[in-house]
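Coordinates as given in model.csv (CSV, C-alpha atoms):
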chain,number,residue,atom,x,y,z
E,23,MET,CA,11.1,21.1,-15.6
E,24,VAL,CA,9.4,22.5,-12.5
E,25,GLU,CA,6.1,20.7,-11.8
E,26,HIS,CA,3.0,21.7,-9.8
E,27,VAL,CA,2.0,18.4,-8.3
E,28,LEU,CA,-1.4,17.5,-6.9
E,29,ILE,CA,-1.2,14.6,-4.4
E,30,THR,CA,-4.6,13.1,-3.6
E,31,GLY,CA,-4.6,11.5,-0.2
E,32,GLY,CA,-1.4,13.5,0.3
E,33,ALA,CA,-1.7,14.0,4.0
E,34,GLY,CA,-1.1,10.3,4.6
E,35,PHE,CA,2.0,8.3,5.2
E,36,ILE,CA,3.4,8.2,1.7
E,37,GLY,CA,2.0,11.5,0.5
E,38,THR,CA,3.6,13.6,3.2
E,39,ARG,CA,7.0,12.0,2.5
E,40,LEU,CA,6.6,12.5,-1.2
E,41,ALA,CA,5.6,16.1,-0.8
E,42,ARG,CA,8.8,16.9,1.1
E,43,ARG,CA,10.8,15.1,-1.6
E,44,LEU,CA,9.2,17.1,-4.4
E,45,VAL,CA,9.5,20.5,-2.7
E,46,ALA,CA,13.2,19.8,-1.9
E,47,ASP,CA,13.7,19.4,-5.7
E,48,GLY,CA,12.0,22.8,-6.4
E,49,HIS,CA,8.5,21.6,-7.3
E,50,THR,CA,5.2,23.0,-5.9
E,51,VAL,CA,2.8,20.7,-4.2
E,52,THR,CA,-1.0,20.8,-3.4
E,53,VAL,CA,-2.5,18.1,-1.3
E,54,LEU,CA,-6.2,17.0,-1.4
E,55,ASP,CA,-7.2,14.9,1.5
E,56,ALA,CA,-10.4,14.0,3.3
E,57,LEU,CA,-8.5,13.7,6.6
E,58,ILE,CA,-10.5,10.7,7.8
E,59,PRO,CA,-10.6,9.9,11.5
E,60,GLN,CA,-9.3,6.3,11.0
E,61,VAL,CA,-6.0,7.8,10.0
E,62,HIS,CA,-5.8,11.4,11.3
E,63,GLY,CA,-8.0,11.3,14.4
E,64,ASP,CA,-11.2,13.3,15.2
E,65,ASP,CA,-9.4,16.7,15.2
E,66,PRO,CA,-6.8,16.5,12.5
E,67,GLU,CA,-5.3,19.9,13.1
E,68,ARG,CA,-4.5,18.8,16.6
E,69,THR,CA,-4.2,15.0,16.4
E,70,SER,CA,-2.4,14.4,13.1
E,71,PRO,CA,1.4,14.8,13.0
E,72,LEU,CA,1.2,13.9,9.3
E,73,LEU,CA,-1.0,16.9,8.5
E,74,ARG,CA,1.2,19.2,10.6
E,75,SER,CA,4.3,18.0,8.8
E,76,LEU,CA,2.9,19.7,5.6
E,77,ASP,CA,3.0,23.2,7.2
E,78,GLY,CA,5.1,25.3,4.9
E,79,ILE,CA,5.5,22.5,2.5
E,80,ALA,CA,2.2,22.2,0.6
E,81,GLU,CA,-1.2,23.9,0.2
E,82,VAL,CA,-3.7,21.5,1.8
E,83,VAL,CA,-7.3,21.3,0.4
E,84,ARG,CA,-9.7,19.4,2.6
E,85,GLY,CA,-11.9,17.4,0.4
E,86,THR,CA,-12.6,14.1,-1.2
E,87,VAL,CA,-11.8,12.5,-4.6
E,88,THR,CA,-15.5,11.5,-4.9
E,89,SER,CA,-16.4,15.2,-5.2
E,90,ALA,CA,-15.9,16.8,-8.6
E,91,ASP,CA,-16.0,20.2,-7.1
E,92,ASP,CA,-13.3,19.4,-4.5
E,93,LEU,CA,-11.1,18.0,-7.4
E,94,ARG,CA,-11.6,21.1,-9.5
E,95,ARG,CA,-10.6,23.3,-6.6
E,96,ALA,CA,-7.4,21.3,-6.0
E,97,LEU,CA,-6.5,20.9,-9.7
E,98,ALA,CA,-5.9,24.6,-10.4
E,99,GLY,CA,-2.5,24.9,-12.1
E,100,THR,CA,-1.6,21.2,-11.7
E,101,THR,CA,0.8,19.7,-14.2
E,102,ALA,CA,1.2,16.3,-12.6
E,103,ILE,CA,-1.0,14.2,-10.3
E,104,VAL,CA,-0.1,11.4,-7.9
E,105,HIS,CA,-3.3,9.6,-7.0
E,106,LEU,CA,-2.8,8.1,-3.6
E,107,ALA,CA,-6.3,8.6,-2.2
E,108,ALA,CA,-7.9,5.2,-1.4
E,109,GLU,CA,-9.4,3.2,1.3
E,110,THR,CA,-6.8,0.6,2.4
E,111,GLY,CA,-6.9,-2.7,4.2
E,112,THR,CA,-7.5,-6.1,2.7
E,113,GLY,CA,-9.6,-7.4,5.7
E,114,GLN,CA,-11.9,-4.5,6.1
E,115,SER,CA,-12.5,-4.3,2.3
E,116,MET,CA,-14.3,-7.7,2.5
E,117,TYR,CA,-17.2,-6.3,4.6
E,118,GLU,CA,-17.2,-2.6,3.8
E,119,ILE,CA,-17.4,-3.3,0.1
E,120,GLU,CA,-19.5,-0.3,-1.0
E,121,ARG,CA,-17.2,2.2,0.8
E,122,TYR,CA,-14.1,0.7,-0.8
E,123,VAL,CA,-15.6,0.7,-4.3
E,124,GLN,CA,-17.1,4.2,-4.0
E,125,THR,CA,-13.8,5.7,-2.9
E,126,ASN,CA,-11.3,3.8,-4.9
E,127,VAL,CA,-13.1,3.1,-8.1
E,128,GLY,CA,-15.6,5.9,-8.0
E,129,GLY,CA,-13.1,8.5,-6.9
E,130,THR,CA,-10.8,7.5,-9.8
E,131,ALA,CA,-13.6,7.7,-12.3
E,132,THR,CA,-14.6,11.1,-10.9
E,133,LEU,CA,-11.0,12.3,-11.3
E,134,LEU,CA,-10.8,11.1,-14.9
E,135,ASP,CA,-14.2,12.7,-15.6
E,136,VAL,CA,-13.0,16.1,-14.3
E,137,LEU,CA,-9.8,15.9,-16.3
E,138,ALA,CA,-11.6,14.8,-19.5
E,139,SER,CA,-14.2,17.7,-19.3
E,140,GLY,CA,-12.0,20.4,-17.9
E,141,ASP,CA,-9.1,22.6,-19.1
E,142,PHE,CA,-6.1,21.6,-16.9
E,143,PRO,CA,-2.4,21.6,-17.8
E,144,VAL,CA,-1.9,18.0,-16.5
E,145,ARG,CA,0.7,16.0,-18.4
E,146,ARG,CA,1.4,13.1,-16.0
E,147,LEU,CA,-0.9,11.0,-13.8
E,148,VAL,CA,0.7,8.5,-11.4
E,149,ILE,CA,-1.6,5.9,-9.8
E,150,ALA,CA,-0.7,4.2,-6.5
E,151,SER,CA,-1.6,0.6,-7.4
E,152,SER,CA,-0.8,-2.4,-5.2
E,153,ARG,CA,0.8,-5.9,-5.1
E,154,SER,CA,-2.6,-7.1,-4.1
E,155,ILE,CA,-3.7,-7.2,-7.7
E,156,TYR,CA,-1.5,-10.2,-8.3
E,157,GLY,CA,-3.4,-12.4,-5.9
E,158,GLU,CA,-1.0,-15.3,-5.1
E,159,GLY,CA,1.6,-14.1,-7.6
E,160,SER,CA,4.1,-16.2,-9.5
E,161,TYR,CA,5.4,-19.7,-8.9
E,162,ARG,CA,7.5,-22.3,-10.7
E,163,THR,CA,6.4,-25.9,-11.3
E,164,GLU,CA,8.6,-28.9,-10.9
E,165,ASP,CA,9.3,-28.9,-14.6
E,166,GLY,CA,10.2,-25.2,-14.8
E,167,ARG,CA,7.0,-23.6,-16.0
E,168,ILE,CA,5.9,-20.2,-14.5
E,169,VAL,CA,2.3,-20.4,-13.2
E,170,HIS,CA,-0.1,-18.1,-11.3
E,171,PRO,CA,-2.1,-20.3,-9.0
E,172,PRO,CA,-5.7,-19.5,-7.9
E,173,HIS,CA,-6.7,-18.4,-4.4
E,174,ARG,CA,-6.2,-20.8,-1.6
E,175,ALA,CA,-9.2,-22.9,-0.6
E,176,ASP,CA,-10.9,-22.3,2.8
E,177,ALA,CA,-11.1,-26.1,3.3
E,178,ASP,CA,-7.3,-26.5,2.9
E,179,MET,CA,-6.5,-23.8,5.3
E,180,ALA,CA,-9.0,-25.1,7.8
E,181,ALA,CA,-7.1,-28.4,7.7
E,182,GLY,CA,-3.8,-26.5,8.4
E,183,ASP,CA,-2.5,-26.6,4.8
E,184,PHE,CA,-1.6,-23.0,4.0
E,185,ASP,CA,0.5,-23.6,1.0
E,186,VAL,CA,-0.4,-22.6,-2.6
E,187,HIS,CA,-1.6,-25.4,-4.9
E,188,LEU,CA,-2.4,-25.8,-8.5
E,189,SER,CA,-4.5,-28.8,-9.7
E,190,GLY,CA,-2.4,-31.4,-11.5
E,191,GLU,CA,0.9,-30.0,-10.2
E,192,GLY,CA,3.3,-31.1,-7.5
E,193,PRO,CA,5.0,-28.7,-5.1
E,194,LEU,CA,5.3,-25.1,-6.3
E,195,THR,CA,8.3,-22.9,-5.8
E,196,LEU,CA,7.8,-19.2,-5.1
E,197,ILE,CA,9.5,-16.8,-7.5
E,198,ALA,CA,9.5,-13.0,-7.8
E,199,THR,CA,6.4,-11.6,-9.5
E,200,ASN,CA,7.0,-9.3,-12.4
E,201,GLU,CA,4.6,-6.7,-14.0
E,202,ASP,CA,3.5,-9.1,-16.7
E,203,ALA,CA,2.1,-11.7,-14.3
E,204,THR,CA,-1.6,-12.7,-14.4
E,205,LEU,CA,-3.8,-10.3,-12.4
E,206,HIS,CA,-6.3,-12.1,-10.1
E,207,PRO,CA,-6.8,-10.2,-6.8
E,208,SER,CA,-8.2,-12.2,-3.9
E,209,SER,CA,-9.8,-9.3,-2.0
E,210,VAL,CA,-12.2,-6.4,-2.6
E,211,TYR,CA,-9.3,-4.1,-2.0
E,212,GLY,CA,-7.2,-5.8,-4.6
E,213,ILE,CA,-10.1,-5.7,-7.1
E,214,THR,CA,-10.5,-1.9,-6.6
E,215,LYS,CA,-6.8,-1.3,-7.0
E,216,GLN,CA,-6.8,-3.3,-10.3
E,217,MET,CA,-9.8,-1.2,-11.5
E,218,GLN,CA,-8.1,2.1,-10.5
E,219,GLU,CA,-5.0,1.1,-12.4
E,220,SER,CA,-6.9,-0.1,-15.5
E,221,LEU,CA,-9.0,3.1,-15.6
E,222,ILE,CA,-6.0,5.4,-15.5
E,223,MET,CA,-3.8,3.4,-17.9
E,224,THR,CA,-6.7,3.2,-20.4
E,225,VAL,CA,-8.3,6.6,-20.2
E,226,ALA,CA,-5.3,8.9,-19.5
E,227,PRO,CA,-3.7,8.5,-22.9
E,228,THR,CA,-7.0,9.3,-24.7
E,229,ILE,CA,-7.1,12.7,-23.0
E,230,GLY,CA,-3.4,13.5,-23.6
E,231,ILE,CA,-2.1,12.6,-20.2
E,232,GLU,CA,0.9,10.2,-19.6
E,233,PRO,CA,-0.1,7.4,-17.1
E,234,VAL,CA,2.2,5.6,-14.7
E,235,ALA,CA,1.2,2.8,-12.4
E,236,LEU,CA,3.2,1.9,-9.2
E,237,ARG,CA,2.4,-1.4,-7.7
E,238,TYR,CA,3.5,-0.8,-4.1
E,239,GLN,CA,4.4,-3.8,-2.0
E,240,ASN,CA,4.2,-3.6,1.9
E,241,VAL,CA,5.3,0.0,2.7
E,242,TYR,CA,6.6,0.7,6.3
E,243,GLY,CA,8.6,3.2,8.2
E,244,PRO,CA,8.3,6.2,10.5
E,245,GLY,CA,5.0,8.1,10.1
E,246,GLN,CA,3.0,4.9,9.4
E,247,SER,CA,-0.4,5.0,11.1
E,248,LEU,CA,-0.4,3.5,14.6
E,249,LYS,CA,-4.1,4.1,14.9
E,250,ASN,CA,-5.4,2.2,11.9
E,251,PRO,CA,-5.8,-1.5,12.8
E,252,TYR,CA,-6.5,-2.6,9.2
E,253,THR,CA,-3.1,-2.1,7.7
E,254,GLY,CA,0.5,-2.7,8.6
E,255,ILE,CA,1.6,-5.6,10.8
E,256,LEU,CA,4.7,-3.7,11.9
E,257,SER,CA,2.5,-1.1,13.5
E,258,ILE,CA,0.1,-3.7,14.9
E,259,PHE,CA,2.8,-5.9,16.4
E,260,SER,CA,4.7,-2.8,17.7
E,261,THR,CA,1.6,-1.7,19.6
E,262,LEU,CA,1.1,-5.1,21.1
E,263,ILE,CA,4.8,-5.3,22.2
E,264,ARG,CA,4.5,-1.9,23.9
E,265,GLN,CA,1.3,-3.0,25.6
E,266,GLY,CA,3.0,-6.2,26.8
E,267,LYS,CA,0.3,-8.3,25.0
E,268,GLU,CA,0.6,-11.6,23.2
E,269,ILE,CA,1.1,-11.6,19.5
E,270,ASN,CA,-1.2,-14.0,17.6
E,271,ILE,CA,0.7,-15.1,14.6
E,272,PHE,CA,-1.7,-16.3,11.9
E,273,GLU,CA,-1.3,-19.4,9.8
E,274,ASP,CA,2.0,-21.0,10.5
E,275,GLY,CA,4.1,-17.8,10.6
E,276,GLN,CA,5.8,-18.7,7.3
E,277,GLU,CA,3.6,-16.5,5.2
E,278,SER,CA,5.8,-13.8,3.7
E,279,ARG,CA,5.6,-10.2,2.4
E,280,ASP,CA,7.9,-7.8,0.5
E,281,PHE,CA,8.5,-4.9,2.9
E,282,VAL,CA,9.8,-1.7,1.4
E,283,TYR,CA,10.9,1.3,3.4
E,284,ILE,CA,9.1,4.6,3.0
E,285,ASP,CA,12.1,6.6,1.8
E,286,ASP,CA,12.6,4.1,-1.1
E,287,VAL,CA,8.9,4.4,-1.9
E,288,ALA,CA,9.0,8.2,-1.9
E,289,GLU,CA,12.0,8.2,-4.2
E,290,ALA,CA,10.5,5.7,-6.6
E,291,THR,CA,7.3,7.8,-6.7
E,292,PHE,CA,9.3,11.0,-7.2
E,293,LEU,CA,11.0,9.5,-10.2
E,294,ALA,CA,7.8,8.2,-11.6
E,295,THR,CA,6.3,11.7,-11.4
E,296,THR,CA,9.2,13.7,-12.8
E,297,ARG,CA,11.2,11.4,-15.2
E,298,ALA,CA,10.1,11.4,-18.9
E,299,GLU,CA,11.2,7.7,-19.2
E,300,ALA,CA,8.4,6.6,-16.8
E,301,ALA,CA,5.6,7.5,-19.1
E,302,GLY,CA,3.2,4.6,-19.9
E,303,HIS,CA,5.0,2.2,-17.6
E,304,VAL,CA,3.8,-0.1,-14.8
E,305,PHE,CA,6.4,-0.6,-12.0
E,306,ASN,CA,6.7,-2.9,-9.0
E,307,VAL,CA,7.9,-0.9,-6.0
E,308,GLY,CA,9.3,-3.3,-3.5
E,309,SER,CA,12.6,-4.5,-1.9
E,310,GLY,CA,12.6,-7.7,-3.9
E,311,VAL,CA,13.1,-9.7,-0.7
E,312,ALA,CA,10.4,-12.0,1.0
E,313,THR,CA,10.3,-11.7,4.8
E,314,THR,CA,8.2,-14.1,6.8
E,315,VAL,CA,5.9,-13.0,9.6
E,316,LEU,CA,8.0,-14.9,12.1
E,317,ASP,CA,11.0,-12.9,10.9
E,318,VAL,CA,9.1,-9.7,11.4
E,319,VAL,CA,8.4,-10.6,15.0
E,320,HIS,CA,12.0,-11.5,15.7
E,321,ALA,CA,13.2,-8.3,14.0
E,322,LEU,CA,10.8,-6.2,16.2
E,323,PHE,CA,11.9,-7.9,19.4
E,324,ALA,CA,15.5,-7.1,18.5
E,325,ALA,CA,14.7,-3.5,17.6
E,326,TYR,CA,12.7,-2.9,20.9
E,327,GLY,CA,15.1,-4.9,23.1
E,328,THR,CA,12.2,-6.8,24.6
E,329,GLU,CA,9.8,-9.7,23.9
E,330,VAL,CA,6.2,-10.7,24.5
E,331,ALA,CA,4.5,-14.0,24.3
E,332,THR,CA,3.7,-15.3,20.8
E,333,ARG,CA,1.3,-17.9,19.6
E,334,VAL,CA,1.3,-19.5,16.2
E,335,SER,CA,-2.4,-20.1,16.2
E,336,GLY,CA,-3.3,-21.4,12.7
E,337,ASN,CA,-5.9,-18.6,12.4
E,338,TYR,CA,-6.3,-17.2,8.9
E,339,ARG,CA,-8.2,-14.5,7.1
E,340,LEU,CA,-10.1,-15.1,3.9
E,341,GLY,CA,-8.7,-12.8,1.2
E,342,ASP,CA,-5.1,-13.0,2.5
E,343,ILE,CA,-2.4,-14.3,0.2
E,344,ARG,CA,0.4,-16.7,1.2
E,345,HIS,CA,3.5,-15.0,-0.2
E,346,ASN,CA,4.6,-12.1,-2.2
E,347,VAL,CA,7.9,-10.8,-3.5
E,348,ALA,CA,8.4,-8.3,-6.3
E,349,ASP,CA,10.6,-8.5,-9.3
E,350,THR,CA,11.9,-4.9,-9.3
E,351,SER,CA,14.1,-5.1,-12.4
E,352,ARG,CA,11.9,-2.8,-14.5
E,353,LEU,CA,12.2,-0.1,-11.9
E,354,ARG,CA,16.0,-0.5,-12.1
E,355,ASP,CA,16.2,-0.7,-15.9
E,356,VAL,CA,13.9,2.1,-16.8
E,357,LEU,CA,14.4,4.6,-13.9
E,358,GLY,CA,17.8,3.5,-12.7
E,359,PHE,CA,16.5,3.0,-9.2
E,360,THR,CA,16.8,0.1,-6.8
E,361,PRO,CA,15.5,0.3,-3.2
E,362,VAL,CA,18.4,0.5,-0.8
E,363,VAL,CA,17.1,0.2,2.8
E,364,ALA,CA,17.5,-3.3,4.2
E,365,PHE,CA,14.7,-4.6,6.3
E,366,ALA,CA,16.7,-4.9,9.6
E,367,ASP,CA,17.9,-1.3,9.2
E,368,GLY,CA,14.4,0.0,8.3
E,369,VAL,CA,12.9,-1.8,11.3
E,370,ARG,CA,15.4,-0.1,13.7
E,371,GLU,CA,14.5,3.3,12.3
E,372,PHE,CA,10.8,2.5,12.5
E,373,ALA,CA,11.1,1.3,16.2
E,374,GLN,CA,13.0,4.4,17.2
E,375,TRP,CA,10.2,6.5,15.9
E,376,VAL,CA,7.5,4.4,17.4
E,377,LEU,CA,9.0,4.8,20.9
E,378,SER,CA,8.6,8.5,20.5
E,379,GLU,CA,4.9,8.2,19.9
E,380,PRO,CA,2.1,7.6,22.5
E,381,VAL,CA,0.9,4.0,22.9
E,382,GLU,CA,-2.4,3.6,21.0
E,383,GLY,CA,-5.5,1.7,22.2
E,384,ASP,CA,-6.4,-1.8,21.2
E,385,ALA,CA,-8.3,-1.1,18.0
E,386,TYR,CA,-6.7,-4.2,16.5
E,387,GLN,CA,-8.7,-6.6,18.6
E,388,ARG,CA,-11.9,-4.8,17.6
E,389,SER,CA,-11.0,-5.2,14.0
E,390,LEU,CA,-10.4,-9.0,14.4
E,391,ASP,CA,-13.8,-9.3,16.2
E,392,GLU,CA,-15.5,-7.6,13.3
E,393,MET,CA,-13.9,-10.0,10.8
E,394,ALA,CA,-14.7,-13.1,13.0
E,395,ALA,CA,-18.4,-11.9,13.3
E,396,ARG,CA,-18.6,-12.0,9.5
E,397,ASN,CA,-16.9,-15.4,9.2
E,398,LEU,CA,-13.9,-13.9,7.5
E,399,LEU,CA,-11.4,-14.8,10.3
E,400,LYS,CA,-11.2,-18.5,11.0
Written as structure tokens, that's how I'd like the structure from this file.
Amino acid sequence: MVEHVLITGGAGFIGTRLARRLVADGHTVTVLDALIPQVHGDDPERTSPLLRSLDGIAEVVRGTVTSADDLRRALAGTTAIVHLAAETGTGQSMYEIERYVQTNVGGTATLLDVLASGDFPVRRLVIASSRSIYGEGSYRTEDGRIVHPPHRADADMAAGDFDVHLSGEGPLTLIATNEDATLHPSSVYGITKQMQESLIMTVAPTIGIEPVALRYQNVYGPGQSLKNPYTGILSIFSTLIRQGKEINIFEDGQESRDFVYIDDVAEATFLATTRAEAAGHVFNVGSGVATTVLDVVHALFAAYGTEVATRVSGNYRLGDIRHNVADTSRLRDVLGFTPVVAFADGVREFAQWVLSEPVEGDAYQRSLDEMAARNLLK
């Protein structure tokens, strides 16, 4: 069936790739995007390659999901929605709380209000959720029980103990987190993503719309913002390498993330939007592999063929988690899809693209200074 898909936040990293995938399959795409300077620069038509990549692909409506009027304009004829629009970045969310809540939670509520009170042919609503809603995720105790530990204590991390602990238990072993795990986000960003997901999974069925939630892990690849210092350590470290500057590795460098390549994310989202079997499901979208920050640094050095000084500093950010790795078996079992791009291959593709882009300024250090001034970076 041919769909008319509205992608909110669709001029971003994921949205532009998804738009091309949908159009290649014969679907029609409209994009609603606020084109914020943090992502697109001060003059998006000139400074945003992502926006330009939508030329001839999608109709672009400049507007915000917090405006009911903007949403009504963009929704005309829509049969499926992919709701990507959100403020992103764990660290920044801890001190720009109102902005994150207004955009992420308020924008989602406004979208649902418009759908509930209007006459639109929308059948499917896909929400871009996040691995951040799991907090520290899943671990196994020495006697084999699966547990979901609380957030790490500031006092422990200040003493150089960055591991996850659970009172009354010995050492815990990291395991892949599945979609039935306890949800207890450790940041404002994570809280807003949980609320977005809960609103859509609860409200959409009551107004005759099929909901789908995609809990994205750490998405990376060509097209990722090199300007935004609040998300994406591959972009941040790449800029430092190109500037010849030292990389400050937080904690002990053994913290890990599940990095998933943009093409795999676009394909999973395409399937979630178009496949009947996806209706009502929550899916992890990740590689299923945990990669440490030290491994990331070494992979980037190999991809760029050069190295810079590194320092494992023991610094840490409040709101960060220790590890995450996704159980992606539901994505495989329901939609028949398993991400295929290995991290080493994806990093090489990413690095080749980065080298074709201008070297960005040092906004990253400014973001760290902002966090330190609020006692969120130790």
Between region 172-224 of chain E and region 293-302 of chain E, at 12 Å or less, what are the per-residue closest atom pairs and their distances in Å? Count all atoms listed in the file, order by chain and rising residue number, and return it as a Markdown table.
| residue | atom | partner | partner_atom | distance |
| --- | --- | --- | --- | --- |
| E:Glu219 | CA | E:Gly302 | CA | 11.7 |
| E:Ser220 | CA | E:Gly302 | CA | 12.0 |
| E:Ile222 | CA | E:Gly302 | CA | 10.2 |
| E:Met223 | CA | E:Gly302 | CA | 7.4 |
| E:Thr224 | CA | E:Gly302 | CA | 10.0 |
So which one's closest to Glu109 (chain E), E:Val369, E:Ala177, E:Met23, E:Val210? Using only C-alpha atoms, please.
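Closest candidate: E:Val210.
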List as a list in words the protein and nucleic acid residues near Glu67 (chain E), meaning an atom at most 12 Å away when only C-alpha atoms are counted, but skip any in the same chain fewer than 2 places from it.
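The contact residues come out as Ala33, Leu57, Ile58, Pro59, His62, Gly63, Asp64, Asp65, Thr69, Ser70, Pro71, Leu72, Leu73, Arg74, Ser75, Leu76, Asp77, Val82 and Arg84 of chain E.
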Can you pull out the residues contacting Pro172 (chain E)? Cut-off 8 Å, using only C-alpha atoms, and skip same-chain residues under 5 positions away; I want them as a ChimeraX atom specification.
/E:157-158,187-188,206
State, in Å with one decimal place, the distance from CA of Val356 (chain E) to CA of Tyr283 (chain E).
20.4 Å
Which residue of E:Tyr326, E:Tyr211, E:Tyr338, E:Phe272 approaches Met116 (chain E) most closely, using all atoms listed in the file:
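Under the stated criterion, the closest residue is E:Tyr211.
Distances to Asp285 (chain E) were evaluated for E:Gly85, E:Gly182, E:Gly308, E:Gly230 using only C-alpha atoms, and the minimum falls at E:Gly308.
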Report as a PDB file with C-alpha atoms, in the coordinates of the input all protein, DNA and RNA residues lying within 12 Å of Leu147 (chain E), evaluated on all atoms listed in the file, omitting residues in the same chain fewer than 3 positions from it.
ATOM      1  CA  VAL E  27       2.000  18.400  -8.300  1.00  0.00           C
ATOM      2  CA  LEU E  28      -1.400  17.500  -6.900  1.00  0.00           C
ATOM      3  CA  ILE E  29      -1.200  14.600  -4.400  1.00  0.00           C
ATOM      4  CA  THR E  30      -4.600  13.100  -3.600  1.00  0.00           C
ATOM      5  CA  THR E 100      -1.600  21.200 -11.700  1.00  0.00           C
ATOM      6  CA  THR E 101       0.800  19.700 -14.200  1.00  0.00           C
ATOM      7  CA  ALA E 102       1.200  16.300 -12.600  1.00  0.00           C
ATOM      8  CA  ILE E 103      -1.000  14.200 -10.300  1.00  0.00           C
ATOM      9  CA  VAL E 104      -0.100  11.400  -7.900  1.00  0.00           C
ATOM     10  CA  HIS E 105      -3.300   9.600  -7.000  1.00  0.00           C
ATOM     11  CA  LEU E 106      -2.800   8.100  -3.600  1.00  0.00           C
ATOM     12  CA  THR E 130     -10.800   7.500  -9.800  1.00  0.00           C
ATOM     13  CA  LEU E 133     -11.000  12.300 -11.300  1.00  0.00           C
ATOM     14  CA  LEU E 134     -10.800  11.100 -14.900  1.00  0.00           C
ATOM     15  CA  LEU E 137      -9.800  15.900 -16.300  1.00  0.00           C
ATOM     16  CA  PRO E 143      -2.400  21.600 -17.800  1.00  0.00           C
ATOM     17  CA  VAL E 144      -1.900  18.000 -16.500  1.00  0.00           C
ATOM     18  CA  ALA E 150      -0.700   4.200  -6.500  1.00  0.00           C
ATOM     19  CA  GLN E 218      -8.100   2.100 -10.500  1.00  0.00           C
ATOM     20  CA  GLU E 219      -5.000   1.100 -12.400  1.00  0.00           C
ATOM     21  CA  LEU E 221      -9.000   3.100 -15.600  1.00  0.00           C
ATOM     22  CA  ILE E 222      -6.000   5.400 -15.500  1.00  0.00           C
ATOM     23  CA  MET E 223      -3.800   3.400 -17.900  1.00  0.00           C
ATOM     24  CA  THR E 224      -6.700   3.200 -20.400  1.00  0.00           C
ATOM     25  CA  VAL E 225      -8.300   6.600 -20.200  1.00  0.00           C
ATOM     26  CA  ALA E 226      -5.300   8.900 -19.500  1.00  0.00           C
ATOM     27  CA  PRO E 227      -3.700   8.500 -22.900  1.00  0.00           C
ATOM     28  CA  ILE E 229      -7.100  12.700 -23.000  1.00  0.00           C
ATOM     29  CA  GLY E 230      -3.400  13.500 -23.600  1.00  0.00           C
ATOM     30  CA  ILE E 231      -2.100  12.600 -20.200  1.00  0.00           C
ATOM     31  CA  GLU E 232       0.900  10.200 -19.600  1.00  0.00           C
ATOM     32  CA  PRO E 233      -0.100   7.400 -17.100  1.00  0.00           C
ATOM     33  CA  VAL E 234       2.200   5.600 -14.700  1.00  0.00           C
ATOM     34  CA  ALA E 235       1.200   2.800 -12.400  1.00  0.00           C
ATOM     35  CA  LEU E 236       3.200   1.900  -9.200  1.00  0.00           C
ATOM     36  CA  THR E 291       7.300   7.800  -6.700  1.00  0.00           C
ATOM     37  CA  ALA E 294       7.800   8.200 -11.600  1.00  0.00           C
ATOM     38  CA  THR E 295       6.300  11.700 -11.400  1.00  0.00           C
ATOM     39  CA  THR E 296       9.200  13.700 -12.800  1.00  0.00           C
ATOM     40  CA  ALA E 300       8.400   6.600 -16.800  1.00  0.00           C
ATOM     41  CA  ALA E 301       5.600   7.500 -19.100  1.00  0.00           C
ATOM     42  CA  GLY E 302       3.200   4.600 -19.900  1.00  0.00           C
ATOM     43  CA  HIS E 303       5.000   2.200 -17.600  1.00  0.00           C
TER      44      HIS E 303
END
One number please: CA of Arg153 (chain E) to CA of Ile258 (chain E), in Å, one decimal.
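Interatomic distance, CA of Arg153 (chain E) to CA of Ile258 (chain E): 20.1 Å.
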Computed interatomic separation between CA of Lys400 (chain E) and CA of Val123 (chain E) (Å)
24.9 Å
With all atoms listed in the file as the atoms that count, which of E:Val315, E:Gly31, E:Glu289, E:Glu191 lies nearest to Gly358 (chain E)?
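Among E:Val315, E:Gly31, E:Glu289, E:Glu191, it is E:Glu289 that comes nearest to Gly358 (chain E).
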Give the answer as one residue: which of E:Asn337, E:Gln216, E:Ser378, E:Ser309 has the shortest atom-to-atom distance to Arg264 (chain E), using only C-alpha atoms?
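Nearest candidate to Arg264 (chain E) out of E:Asn337, E:Gln216, E:Ser378, E:Ser309: E:Ser378.
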Can you tell me, as a PDB file with C-alpha atoms, keeping the file's coordinate frame, what residues are no more than 8 Å from Tyr242 (chain E) when counting all atoms listed in the file, ignoring any on the same chain fewer than 6 positions away?
ATOM      1  CA  GLY E 254       0.500  -2.700   8.600  1.00  0.00           C
ATOM      2  CA  LEU E 256       4.700  -3.700  11.900  1.00  0.00           C
ATOM      3  CA  PHE E 281       8.500  -4.900   2.900  1.00  0.00           C
ATOM      4  CA  VAL E 282       9.800  -1.700   1.400  1.00  0.00           C
ATOM      5  CA  TYR E 283      10.900   1.300   3.400  1.00  0.00           C
ATOM      6  CA  ILE E 284       9.100   4.600   3.000  1.00  0.00           C
ATOM      7  CA  PHE E 372      10.800   2.500  12.500  1.00  0.00           C
TER       8      PHE E 372
END
Residues within 12 Å of (-9.8, -7.3, 19.7), file coords, only C-alpha atoms, listed as a list of chain:residue names:
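Residues found, by chain and rising number: E:Pro251, E:Tyr252, E:Ile258, E:Leu262, E:Lys267, E:Glu268, E:Ile269, E:Asn270, E:Gly383, E:Asp384, E:Ala385, E:Tyr386, E:Gln387, E:Arg388, E:Ser389, E:Leu390, E:Asp391, E:Glu392, E:Met393, E:Ala394, E:Ala395.
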When distances are computed from all atoms listed in the file, which of E:Arg396, E:His320, E:Arg95, E:His173 shows the smallest separation from Val136 (chain E)?
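Among E:Arg396, E:His320, E:Arg95, E:His173, it is E:Arg95 that comes nearest to Val136 (chain E).
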Which neighbours of Val381 (chain E) fall inside 9 Å, counting all atoms listed in the file, when residues of the same chain fewer than 2 positions from it are skipped, and could you give them as JSON, numbers by chain?
{"E": [248, 261, 264, 265, 376, 377, 379, 383]}
